[in-house]
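Peer 1: Here you go, final-v3.csv (CSV, C-alpha atoms):
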```csv
chain,number,residue,atom,x,y,z
M,292,MET,CA,-7.9,-51.5,3.9
M,293,LYS,CA,-7.4,-50.4,0.4
M,294,LYS,CA,-6.5,-46.7,0.1
M,295,ARG,CA,-7.2,-46.1,3.8
M,296,ILE,CA,-3.8,-46.2,5.4
M,297,ILE,CA,-2.6,-43.1,3.5
M,298,THR,CA,-5.9,-41.3,4.4
M,299,VAL,CA,-5.5,-42.0,8.1
M,300,ALA,CA,-1.8,-40.9,8.0
M,301,LEU,CA,-2.8,-37.6,6.3
M,302,VAL,CA,-5.6,-36.8,8.7
M,303,LEU,CA,-3.5,-37.6,11.8
M,304,SER,CA,-0.6,-35.5,10.6
M,305,SER,CA,-2.8,-32.6,9.8
M,306,VAL,CA,-4.6,-32.7,13.2
M,307,CYS,CA,-1.4,-32.9,15.1
M,308,ALA,CA,0.1,-30.1,13.0
M,309,MET,CA,-2.8,-27.8,13.5
M,310,ALA,CA,-2.6,-28.3,17.2
M,311,GLN,CA,1.1,-27.2,17.1
M,312,GLN,CA,0.8,-24.0,15.1
M,313,LYS,CA,2.2,-20.8,16.4
M,314,GLU,CA,0.4,-17.7,15.1
M,315,ASN,CA,2.4,-14.7,13.9
M,316,ARG,CA,0.8,-11.5,15.4
M,317,ASP,CA,1.6,-7.9,15.7
M,318,THR,CA,1.5,-5.8,18.9
M,319,ASP,CA,-2.3,-5.3,18.5
M,320,GLY,CA,-2.9,-9.0,18.3
M,321,ASN,CA,-3.7,-9.1,14.6
M,322,ILE,CA,-2.3,-12.0,12.5
M,323,LEU,CA,0.3,-10.8,10.0
M,324,ARG,CA,-0.6,-12.3,6.7
M,325,GLY,CA,1.2,-10.0,4.3
M,326,PRO,CA,1.7,-8.6,1.8
M,327,TYR,CA,5.4,-9.7,1.4
M,328,GLU,CA,8.2,-8.5,-0.7
M,329,THR,CA,9.1,-10.6,-3.8
M,330,ASN,CA,12.4,-12.3,-3.3
M,331,SER,CA,15.0,-13.0,-6.0
M,332,PHE,CA,15.0,-16.1,-8.2
M,333,TRP,CA,17.8,-17.8,-6.1
M,334,SER,CA,15.9,-17.3,-2.8
M,335,ASN,CA,13.7,-19.8,-0.9
M,336,TRP,CA,14.8,-23.0,-2.6
M,337,HIS,CA,14.9,-26.4,-0.8
M,338,ILE,CA,16.1,-29.9,-1.7
M,339,GLY,CA,14.9,-33.0,0.1
M,340,VAL,CA,15.3,-36.7,0.3
M,341,GLY,CA,13.2,-39.2,2.1
M,342,GLY,CA,12.4,-42.9,2.5
M,343,GLY,CA,9.4,-44.9,3.6
M,344,ILE,CA,6.9,-47.4,2.2
M,345,ASN,CA,4.8,-47.8,-0.9
M,346,ILE,CA,1.5,-49.7,-0.9
M,347,TYR,CA,0.3,-50.5,-4.4
M,348,GLU,CA,-3.5,-50.7,-5.0
M,349,GLY,CA,-4.6,-53.0,-7.8
M,350,GLU,CA,-7.4,-55.3,-8.8
M,351,PHE,CA,-6.7,-58.0,-6.3
M,352,ASP,CA,-6.1,-56.1,-3.0
M,353,ASN,CA,-8.7,-58.2,-1.2
M,354,LYS,CA,-6.9,-61.4,-1.9
M,355,THR,CA,-3.8,-60.7,0.2
M,356,SER,CA,-2.9,-58.7,3.3
M,357,VAL,CA,-1.6,-55.1,3.4
M,358,GLY,CA,1.7,-56.4,4.7
M,359,ASN,CA,2.3,-58.4,1.6
M,360,ARG,CA,1.8,-55.2,-0.5
M,361,ILE,CA,4.3,-53.0,1.4
M,362,ALA,CA,7.4,-52.1,-0.6
M,363,PRO,CA,10.3,-49.6,0.0
M,364,ALA,CA,9.8,-46.0,-1.2
M,365,LEU,CA,12.3,-43.2,-2.1
M,366,ASP,CA,11.6,-39.5,-2.6
M,367,VAL,CA,14.0,-36.9,-4.0
M,368,SER,CA,12.7,-33.4,-4.5
M,369,LEU,CA,13.7,-29.8,-5.5
M,370,GLY,CA,11.3,-26.9,-4.8
M,371,LYS,CA,10.9,-23.2,-4.4
M,372,TRP,CA,8.6,-21.0,-2.3
M,373,ILE,CA,7.4,-18.2,-4.5
M,374,THR,CA,5.5,-16.5,-1.6
M,375,PRO,CA,5.2,-17.6,2.0
M,376,SER,CA,2.0,-19.5,1.1
M,377,TYR,CA,2.6,-20.8,-2.4
M,378,GLY,CA,5.4,-22.9,-3.9
M,379,VAL,CA,6.2,-25.4,-6.6
M,380,ARG,CA,8.5,-28.5,-6.6
M,381,LEU,CA,9.7,-31.3,-8.9
M,382,GLN,CA,9.9,-34.7,-7.2
M,383,TYR,CA,11.0,-38.2,-8.1
M,384,SER,CA,9.1,-40.8,-6.0
M,385,GLY,CA,8.7,-44.5,-6.2
M,386,LEU,CA,11.3,-47.4,-6.1
M,387,LYS,CA,9.3,-50.7,-5.6
M,388,ALA,CA,5.7,-51.9,-5.7
M,389,LYS,CA,4.2,-55.3,-4.7
M,390,GLY,CA,0.8,-56.9,-5.0
M,391,LEU,CA,-1.2,-59.8,-6.6
M,392,THR,CA,-2.1,-60.4,-10.2
M,393,ASP,CA,-3.5,-63.1,-12.4
M,394,ALA,CA,-1.8,-65.0,-15.1
M,395,SER,CA,-2.1,-62.0,-17.5
M,396,GLY,CA,0.0,-59.7,-15.2
M,397,MET,CA,3.3,-58.4,-16.8
M,398,TYR,CA,5.1,-58.7,-13.5
M,399,ALA,CA,3.9,-62.1,-12.2
M,400,LYS,CA,6.5,-64.0,-10.2
M,401,GLY,CA,5.0,-67.0,-8.5
M,402,ALA,CA,1.7,-68.7,-7.6
M,403,HIS,CA,-0.1,-67.5,-4.5
M,404,ARG,CA,-3.5,-69.1,-3.6
M,405,GLY,CA,-4.6,-69.3,-7.2
M,406,TYR,CA,-3.1,-65.9,-8.1
M,407,TYR,CA,0.5,-64.7,-8.8
M,408,LYS,CA,2.7,-62.4,-6.7
M,409,GLU,CA,3.9,-59.4,-8.6
M,410,GLU,CA,6.8,-57.1,-7.9
M,411,PHE,CA,8.1,-54.4,-10.1
M,412,ASN,CA,10.0,-51.2,-10.2
M,413,VAL,CA,8.1,-47.9,-10.2
M,414,SER,CA,9.1,-44.3,-10.7
M,415,ASN,CA,6.9,-41.2,-10.6
M,416,LEU,CA,8.4,-37.9,-11.8
M,417,HIS,CA,5.9,-35.1,-11.1
M,418,ALA,CA,5.5,-31.4,-10.6
M,419,ASP,CA,3.5,-30.3,-7.6
M,420,PHE,CA,1.8,-27.0,-6.6
M,421,MET,CA,2.2,-26.6,-2.8
M,422,TRP,CA,0.1,-24.5,-0.4
M,423,ASN,CA,1.5,-23.8,3.0
M,424,TRP,CA,-1.7,-23.9,5.1
M,425,SER,CA,0.2,-22.6,8.2
M,426,ASN,CA,1.5,-19.5,6.6
M,427,GLY,CA,-1.7,-18.8,4.6
M,428,PHE,CA,-3.9,-18.8,7.7
M,429,LEU,CA,-1.6,-17.9,10.5
M,430,GLY,CA,0.9,-15.6,8.9
M,431,PHE,CA,4.5,-16.2,7.9
M,432,ASN,CA,6.8,-17.3,10.8
M,433,GLU,CA,10.3,-18.4,9.9
M,434,LYS,CA,10.7,-20.1,13.3
M,435,ARG,CA,7.4,-22.0,13.3
M,436,VAL,CA,8.1,-25.6,14.4
M,437,TRP,CA,5.5,-27.3,12.3
M,438,ASN,CA,4.1,-26.4,8.9
M,439,VAL,CA,1.2,-28.2,7.1
M,440,ILE,CA,1.5,-28.2,3.3
M,441,PRO,CA,-1.1,-29.8,1.1
M,442,PHE,CA,-0.1,-30.3,-2.6
M,443,VAL,CA,-1.5,-31.5,-5.9
M,444,GLY,CA,0.4,-32.4,-9.0
M,445,PHE,CA,0.7,-34.2,-12.3
M,446,GLY,CA,3.6,-36.2,-13.9
M,447,TRP,CA,4.9,-39.2,-15.7
M,448,ALA,CA,4.8,-42.6,-14.0
M,449,ARG,CA,6.7,-45.7,-15.2
M,450,SER,CA,6.5,-49.4,-14.2
M,451,TRP,CA,9.1,-51.9,-15.4
M,452,GLY,CA,10.4,-55.4,-14.8
M,453,ASN,CA,10.5,-58.8,-16.5
M,454,SER,CA,11.9,-57.1,-19.6
M,455,THR,CA,8.7,-55.1,-20.0
M,456,HIS,CA,7.3,-51.7,-18.9
M,457,ASP,CA,4.4,-49.3,-19.0
M,458,ASN,CA,4.2,-45.5,-19.0
M,459,GLU,CA,1.2,-43.5,-17.8
M,460,ILE,CA,0.2,-40.0,-16.9
M,461,ALA,CA,-0.1,-39.8,-13.1
M,462,ALA,CA,-2.0,-37.5,-10.8
M,463,ASN,CA,-0.7,-36.9,-7.2
M,464,ILE,CA,-2.3,-35.5,-4.1
M,465,GLY,CA,-1.0,-35.4,-0.5
M,466,ILE,CA,0.2,-33.5,2.5
M,467,LEU,CA,3.8,-32.6,3.4
M,468,ASN,CA,4.5,-31.8,7.1
M,469,THR,CA,7.8,-30.0,8.0
M,470,PHE,CA,9.4,-29.9,11.4
M,471,ARG,CA,12.0,-27.2,12.0
M,472,LEU,CA,15.4,-28.6,13.1
M,473,GLY,CA,17.4,-25.5,12.4
M,474,LYS,CA,17.5,-22.4,10.3
M,475,ARG,CA,18.2,-24.4,7.1
M,476,LEU,CA,17.2,-28.0,8.1
M,477,ASP,CA,13.7,-29.5,8.4
M,478,LEU,CA,12.5,-33.0,9.1
M,479,THR,CA,9.7,-34.0,6.7
M,480,LEU,CA,6.8,-36.4,7.0
M,481,GLU,CA,4.9,-36.8,3.7
M,482,GLY,CA,1.8,-38.7,2.8
M,483,ARG,CA,1.0,-39.1,-0.9
M,484,GLN,CA,-1.5,-40.8,-3.2
M,485,MET,CA,-0.6,-41.5,-6.9
M,486,LEU,CA,-3.4,-42.3,-9.3
M,487,VAL,CA,-2.8,-44.1,-12.7
M,488,LYS,CA,-4.7,-46.1,-15.3
M,489,GLU,CA,-5.5,-49.8,-14.3
M,490,CYS,CA,-3.1,-51.2,-16.9
M,491,PHE,CA,-0.1,-49.7,-15.0
M,492,ASP,CA,0.9,-53.2,-13.6
M,493,GLY,CA,-0.2,-55.0,-16.9
M,494,THR,CA,-3.4,-56.4,-15.5
M,495,VAL,CA,-6.8,-55.2,-16.8
M,496,GLY,CA,-9.7,-56.1,-14.5
M,497,GLY,CA,-12.9,-54.5,-13.3
M,498,SER,CA,-11.4,-51.4,-11.8
M,499,LYS,CA,-11.1,-48.1,-13.8
M,500,GLY,CA,-7.9,-47.1,-12.2
M,501,GLU,CA,-5.1,-48.0,-9.8
M,502,GLY,CA,-2.9,-46.2,-7.5
M,503,MET,CA,-0.1,-46.2,-5.0
M,504,SER,CA,-0.1,-44.8,-1.4
M,505,ALA,CA,3.2,-43.7,0.1
M,506,VAL,CA,4.4,-42.4,3.5
M,507,THR,CA,8.0,-41.2,3.7
M,508,LEU,CA,10.2,-39.6,6.4
M,509,GLY,CA,13.1,-37.4,5.3
M,510,LEU,CA,15.2,-34.3,5.5
M,511,SER,CA,14.9,-31.0,3.6
M,512,VAL,CA,17.7,-28.4,3.3
M,513,LYS,CA,16.9,-24.8,2.6
M,514,LEU,CA,19.0,-22.9,0.0
M,515,GLY,CA,19.5,-19.2,-0.5
M,516,ARG,CA,17.5,-16.6,1.5
M,517,THR,CA,15.2,-18.4,3.9
M,518,ARG,CA,12.7,-15.7,4.9
M,519,PHE,CA,10.2,-13.2,3.4
M,520,ASP,CA,10.0,-9.5,4.4
M,521,ARG,CA,6.6,-8.1,5.1
M,522,VAL,CA,5.6,-4.9,3.3
M,523,GLU,CA,4.7,-2.5,6.0
M,524,LYS,CA,1.6,-0.4,5.4
M,525,VAL,CA,2.5,3.3,5.1
M,526,ALA,CA,0.1,5.9,6.4
M,527,PRO,CA,-1.2,8.4,3.7
M,528,ALA,CA,0.8,11.6,3.6
M,529,ASP,CA,-0.9,14.6,5.2
M,530,TYR,CA,-0.8,17.5,2.8
M,531,SER,CA,-3.2,19.7,4.7
M,532,SER,CA,-0.5,22.2,5.8
M,533,TYR,CA,0.7,22.5,2.2
M,534,ASN,CA,-2.9,23.1,1.0
M,535,GLU,CA,-3.4,25.8,3.6
M,536,ARG,CA,-0.2,27.5,2.4
M,537,ILE,CA,-1.3,27.3,-1.2
M,538,ASN,CA,-4.7,28.8,-0.4
M,539,ALA,CA,-3.1,31.6,1.6
M,540,LEU,CA,-0.7,32.3,-1.4
M,541,ARG,CA,-3.7,32.3,-3.7
M,542,ALA,CA,-5.5,34.8,-1.5
M,543,LYS,CA,-2.4,37.0,-1.4
M,544,ASN,CA,-2.0,36.8,-5.1
M,545,HIS,CA,-5.6,37.9,-5.6
M,546,ASP,CA,-5.0,40.9,-3.3
M,547,LEU,CA,-1.8,41.8,-5.2
M,548,SER,CA,-3.6,41.4,-8.5
M,549,THR,CA,-6.4,43.7,-7.3
M,550,GLU,CA,-3.9,46.3,-6.1
M,551,ALA,CA,-2.1,46.1,-9.4
M,552,GLN,CA,-5.3,46.8,-11.3
M,553,ARG,CA,-6.0,49.8,-9.0
M,554,LEU,CA,-2.6,51.2,-9.6
M,555,ALA,CA,-2.9,50.7,-13.3
M,556,ALA,CA,-6.2,52.5,-13.3
M,557,GLU,CA,-4.7,55.4,-11.3
M,558,LEU,CA,-1.8,55.6,-13.8
M,559,GLU,CA,-4.1,55.6,-16.8
M,560,ALA,CA,-6.2,58.3,-15.2
M,561,ALA,CA,-3.1,60.4,-14.4
M,562,ARG,CA,-1.9,60.1,-18.0
M,563,ASN,CA,-5.3,61.1,-19.4
M,564,ARG,CA,-5.7,64.0,-16.9
M,565,LYS,CA,-5.7,67.4,-18.6
M,566,PRO,CA,-3.1,69.9,-17.4
M,567,GLU,CA,-4.5,72.2,-14.7
M,568,VAL,CA,-4.1,75.9,-15.0
M,569,VAL,CA,-2.9,77.1,-11.6
M,570,ASN,CA,-3.9,80.5,-10.5
M,571,GLU,CA,-0.9,81.8,-8.6
M,572,SER,CA,-3.1,84.0,-6.6
M,573,LYS,CA,-5.4,81.1,-5.4
M,574,VAL,CA,-4.7,77.4,-5.2
M,575,THR,CA,-7.6,75.0,-4.9
M,576,ALA,CA,-6.6,71.5,-3.6
M,577,SER,CA,-8.3,68.4,-4.8
M,578,PRO,CA,-9.2,65.5,-2.4
M,579,VAL,CA,-6.7,62.7,-2.0
M,580,ALA,CA,-7.3,59.1,-0.8
M,581,LEU,CA,-4.6,57.3,1.3
M,582,PHE,CA,-5.1,53.5,1.3
M,583,PHE,CA,-4.3,51.2,4.3
M,584,PRO,CA,-3.6,47.4,4.4
M,585,ILE,CA,-6.4,45.3,5.8
M,586,GLY,CA,-6.6,45.6,9.6
M,587,LYS,CA,-3.8,48.1,9.7
M,588,ALA,CA,-3.7,51.8,10.8
M,589,THR,CA,-0.3,52.7,9.3
M,590,LEU,CA,0.6,53.6,5.7
M,591,ASP,CA,3.2,51.9,3.6
M,592,LYS,CA,6.1,53.8,1.9
M,593,LYS,CA,4.1,54.4,-1.3
M,594,GLU,CA,1.2,56.0,0.5
M,595,LEU,CA,3.5,58.0,2.7
M,596,THR,CA,5.1,59.4,-0.4
M,597,ASN,CA,1.6,60.3,-1.8
M,598,LEU,CA,0.8,62.1,1.5
M,599,GLU,CA,4.1,64.1,1.4
M,600,PHE,CA,3.4,65.1,-2.2
M,601,TYR,CA,-0.1,66.2,-1.3
M,602,VAL,CA,1.2,68.2,1.7
M,603,ASN,CA,3.8,70.1,-0.4
M,604,ASN,CA,1.6,70.7,-3.4
M,605,ALA,CA,-1.9,71.2,-1.9
M,606,ILE,CA,-2.1,71.8,1.8
M,607,LYS,CA,0.9,74.1,2.0
M,608,ALA,CA,0.1,75.7,-1.3
M,609,ASP,CA,-3.5,76.6,-0.3
M,610,LYS,CA,-2.7,78.2,3.0
M,611,ASN,CA,-6.3,79.4,3.7
M,612,LYS,CA,-8.1,76.1,3.1
M,613,THR,CA,-9.3,73.9,5.9
M,614,PHE,CA,-9.0,70.2,5.2
M,615,THR,CA,-11.2,67.4,6.5
M,616,LEU,CA,-9.7,64.0,7.4
M,617,ILE,CA,-12.3,61.3,6.9
M,618,GLY,CA,-11.3,57.8,8.3
M,619,SER,CA,-12.9,54.8,6.7
M,620,ALA,CA,-13.0,50.9,6.9
M,621,ASP,CA,-14.5,48.4,4.5
M,622,SER,CA,-17.8,46.8,5.4
M,623,ALA,CA,-16.9,43.5,3.9
M,624,THR,CA,-14.7,42.5,6.8
M,625,GLY,CA,-14.8,43.0,10.6
M,626,SER,CA,-17.6,44.1,12.9
M,627,LYS,CA,-19.2,47.5,13.1
M,628,GLU,CA,-17.4,48.3,16.4
M,629,LEU,CA,-14.0,47.1,15.1
M,630,ASN,CA,-14.4,49.1,11.8
M,631,GLN,CA,-15.4,52.3,13.7
M,632,ARG,CA,-12.4,52.0,15.9
M,633,LEU,CA,-10.1,51.2,13.0
M,634,SER,CA,-11.3,54.2,11.0
M,635,GLU,CA,-10.6,56.5,14.0
M,636,GLN,CA,-7.1,55.1,14.4
M,637,ARG,CA,-6.4,55.6,10.7
M,638,MET,CA,-7.7,59.2,10.8
M,639,GLU,CA,-5.7,60.0,14.0
M,640,TYR,CA,-2.6,58.5,12.4
M,641,VAL,CA,-2.8,60.9,9.4
M,642,TYR,CA,-3.7,63.8,11.6
M,643,ASN,CA,-0.6,63.2,13.8
M,644,LEU,CA,1.6,63.0,10.7
M,645,LEU,CA,0.3,66.4,9.4
M,646,VAL,CA,0.6,68.1,12.7
M,647,GLU,CA,3.8,66.7,14.1
M,648,LYS,CA,5.9,65.9,10.9
M,649,TYR,CA,4.7,68.5,8.5
M,650,LYS,CA,3.8,71.2,11.0
M,651,ILE,CA,0.3,71.8,9.7
M,652,SER,CA,-1.8,73.9,12.1
M,653,PRO,CA,-4.5,71.9,13.9
M,654,GLU,CA,-6.9,74.7,13.2
M,655,ARG,CA,-6.8,73.8,9.5
M,656,LEU,CA,-7.7,70.2,10.1
M,657,VAL,CA,-11.1,68.7,10.8
M,658,LYS,CA,-11.3,65.1,12.1
M,659,LYS,CA,-14.1,62.7,11.1
M,660,ALA,CA,-14.3,58.9,11.4
M,661,GLU,CA,-17.1,57.1,9.4
M,662,GLY,CA,-16.3,53.5,10.2
M,663,ASP,CA,-17.8,51.3,7.5
M,664,THR,CA,-21.0,53.4,7.1
M,665,ASN,CA,-20.1,55.4,4.0
M,666,ASN,CA,-18.0,53.1,1.6
M,667,ARG,CA,-17.4,55.2,-1.5
M,668,PHE,CA,-15.8,52.5,-3.7
M,669,SER,CA,-17.1,49.1,-5.0
M,670,GLU,CA,-13.9,47.2,-4.1
M,671,PRO,CA,-13.6,46.6,-0.4
M,672,GLU,CA,-9.8,47.2,-0.3
M,673,LEU,CA,-10.3,50.7,-1.6
M,674,ASN,CA,-12.5,51.7,1.4
M,675,ARG,CA,-9.7,51.0,3.8
M,676,ALA,CA,-8.6,54.6,3.6
M,677,VAL,CA,-8.3,58.1,4.9
M,678,ILE,CA,-9.7,60.8,2.5
M,679,VAL,CA,-8.3,64.3,2.8
M,680,GLU,CA,-10.6,66.9,1.2
```
Could you write out this file's structure as structure tokens?
Peer 2:
Amino acid sequence: MKKRIITVALVLSSVCAMAQQKENRDTDGNILRGPYETNSFWSNWHIGVGGGINIYEGEFDNKTSVGNRIAPALDVSLGKWITPSYGVRLQYSGLKAKGLTDASGMYAKGAHRGYYKEEFNVSNLHADFMWNWSNGFLGFNEKRVWNVIPFVGFGWARSWGNSTHDNEIAANIGILNTFRLGKRLDLTLEGRQMLVKECFDGTVGGSKGEGMSAVTLGLSVKLGRTRFDRVEKVAPADYSSYNERINALRAKNHDLSTEAQRLAAELEAARNRKPEVVNESKVTASPVALFFPIGKATLDKKELTNLEFYVNNAIKADKNKTFTLIGSADSATGSKELNQRLSEQRMEYVYNLLVEKYKISPERLVKKAEGDTNNRFSEPELNRAVIVE
């Protein structure tokens, strides 16, 4: 029976607890395991107290019954959950221990079938690392009725009595089960095994170590904030609309830059142009190009000003000259049919302005639409024009 009672208790409690778990799932049926927000230092603390039985395991266990080795146990603990799955605690456990010893035992009390009964005080102050199996596998659920919490730890153990004592380093392993009674109150059932050196009770025999099994029932009170908030996953931001706007602005900026270069070239050419000697008796007009926006058949204010200047200083000045209006579209964009139609619309637009606004006789105007078949310039935007010559 040595060391088996605590094992049976731990297995039974774990099986029962696993059968009682309530999974924490989202609307899609997926278990919510985290991540969770980090709480403050003062959140998720708990204090507990419990009582039960200790069963000491020494060299002479087979010489007496388990009932003769049962002694009262007391637990007092303080702990904190760092995450829903992991926590730490500091616990005092112990009170009394009973068993058999030989004449060399420090705590021998009276003869018993060739041996001596022993009874001594015991205390075990230990720090434990706790893992909440329920929250780890099934997701955090503040209202779960039953939680299974295995733990391991190390500490300082002391035995004393008969004016003598012994101190040892102790290892501890066990399972804590908590049963929810309310938001801040849990019922606890704990099974624990303490392992120490064989001289803990003052008797040195054939075994290399001794131990003490304990089962306790108690209450645990939660302090501070009792829950953990899950960090919701945020969908990546969609920047596609902004990227489209940026690309459109870049394209527009390119067009403006090209237009600025064209105007700068025109200005430079105008500055370097030699003065023309005008023969008052005969005026010879030079050709002029009127530029249109892409896909448009109307002129902006700047080009309308150029047209008016050309009318006043060329067409009206050379009253005997016949002028040809040549409509054009750039071959880099649009279909053949669209460009042909666009060149006709541009040519008709300039023709109507000359006839209706500036009262130029239709007999002096020749209409011609070339579509995109005769692009005169290397830059596409310069071929979106009507040339008057």
Peer 1: Just want the 8 Å neighbourhood of region 585-601 of chain M, counted on all atoms listed in the file, with same-chain residues fewer than 6 positions away dropped. Output as a ChimeraX atom specification.
Peer 2: /M:579,633-634,636-637,640,672,675
Peer 1: Residues at most 10 Å from Gly500 (chain M), counting all atoms listed in the file, excluding those fewer than 3 positions away in the same chain, as a tab-separated table (two decimals) with C-alpha atoms, in the frame of the given file?
Peer 2:
```tsv
chain	number	residue	atom	x	y	z
M	348	GLU	CA	-3.50	-50.70	-5.00
M	349	GLY	CA	-4.60	-53.00	-7.80
M	350	GLU	CA	-7.40	-55.30	-8.80
M	486	LEU	CA	-3.40	-42.30	-9.30
M	487	VAL	CA	-2.80	-44.10	-12.70
M	488	LYS	CA	-4.70	-46.10	-15.30
M	489	GLU	CA	-5.50	-49.80	-14.30
M	490	CYS	CA	-3.10	-51.20	-16.90
M	491	PHE	CA	-0.10	-49.70	-15.00
M	495	VAL	CA	-6.80	-55.20	-16.80
M	496	GLY	CA	-9.70	-56.10	-14.50
M	497	GLY	CA	-12.90	-54.50	-13.30
```
Peer 1: Please report the interatomic distance between CA of Pro441 (chain M) and CA of Val340 (chain M) in Å with one decimal.
Peer 2: 17.8 Å
Peer 1: Which residue, M:Ala399, M:Ile606, M:Ile617, M:Ala676, has the smallest gap to Ala580 (chain M) when you use only C-alpha atoms?
Peer 2: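 Closest to Ala580 (chain M), using only C-alpha atoms: M:Ala676.
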Peer 1: Just how far from CA of Lys565 (chain M) is CA of Phe583 (chain M), in Å to one decimal?
Peer 2: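 Answer for the CA of Phe583 (chain M) to CA of Lys565 (chain M) separation: 28.1 Å.
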Peer 1: Using all atoms listed in the file, which protein or nucleic acid residues come within 12 Å of Thr329 (chain M)? Drop anything in the same chain fewer than 3 positions from it, and give the result as a list in words.
Peer 2: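 Contacts, in chain order: Gly325, Pro326, Phe332, Trp333, Ser334, Asn335, Trp372, Ile373, Thr374, Pro375, Arg516, Arg518, Phe519, Asp520, Arg521 and Val522 of chain M.
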Peer 1: Tell me which of M:Gly515, M:Gly465, M:Gly358, M:Gly430 sits closest to Trp336 (chain M), counting all atoms listed in the file.
Peer 2: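 Smallest distance to Trp336 (chain M) is found for M:Gly515.
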Peer 1: Identify the residues within 7 Å of coordinate (12.3, -19.5, 9.3) (same frame as the file), considering all atoms listed in the file, and give the answer as a PyMOL selection string.
Peer 2: chain M and resi 432-435+474+517-518
Peer 1: Here is a test: counting all atoms listed in the file, which residue of M:Ile678, M:Leu478, M:Val443, M:Val413 is nearest to Glu459 (chain M)?
Peer 2: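 Of M:Ile678, M:Leu478, M:Val443, M:Val413, the one nearest Glu459 (chain M), counting all atoms listed in the file, is M:Val413.
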Peer 1: Tell me, in Å to one decimal, how far CA of Ala505 (chain M) is from CA of Gln382 (chain M).
Peer 2: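 That distance, rounded to one decimal, is 13.4 Å.
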Peer 1: Can you tell me, as JSON, numbers by chain, what residues are no more than 12 Å from Gly446 (chain M) when counting all atoms listed in the file, ignoring any on the same chain fewer than 5 positions away?
Peer 2: {"M": [380, 381, 382, 383, 384, 414, 415, 416, 417, 418, 419, 420, 458, 459, 460, 461, 462, 463, 464, 485, 486, 487]}
Peer 1: Any idea what's packed within 10 Å of Pro578 (chain M), counting all atoms listed in the file, ignoring anything in its chain fewer than 5 positions away? Could you give it as number ranges by chain?
Peer 2: M: 601, 605, 614-616, 678-680
Peer 1: Output C-alpha atoms for every residue in that selection, as a JSON list (two decimals), in the coordinates of the input.
Peer 2:
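Printed below is again32.json as written:
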```
[["chain", "number", "residue", "atom", "x", "y", "z"],
["M", 601, "TYR", "CA", -0.10, 66.20, -1.30],
["M", 605, "ALA", "CA", -1.90, 71.20, -1.90],
["M", 614, "PHE", "CA", -9.00, 70.20, 5.20],
["M", 615, "THR", "CA", -11.20, 67.40, 6.50],
["M", 616, "LEU", "CA", -9.70, 64.00, 7.40],
["M", 678, "ILE", "CA", -9.70, 60.80, 2.50],
["M", 679, "VAL", "CA", -8.30, 64.30, 2.80],
["M", 680, "GLU", "CA", -10.60, 66.90, 1.20]]
```
Peer 1: With distances taken over all atoms listed in the file, which of M:Lys371, M:Tyr327, M:Val357, M:Asn611 is nearest to Gly427 (chain M)?
Peer 2: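 Among the listed residues, M:Tyr327 lies closest to Gly427 (chain M).
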Peer 1: Quick one: of M:Arg449, M:Arg562, M:His337, M:Lys389, who's nearest to Arg475 (chain M), counting all atoms listed in the file?
Peer 2: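 The closest residue to Arg475 (chain M) is M:His337.
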Peer 1: Taking only C-alpha atoms into account, name the residue in M:Leu629, M:Val436, M:Ala388, M:Ala620 that is nearest to Leu581 (chain M).
Peer 2: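 That would be M:Ala620, the residue with the smallest distance to Leu581 (chain M).
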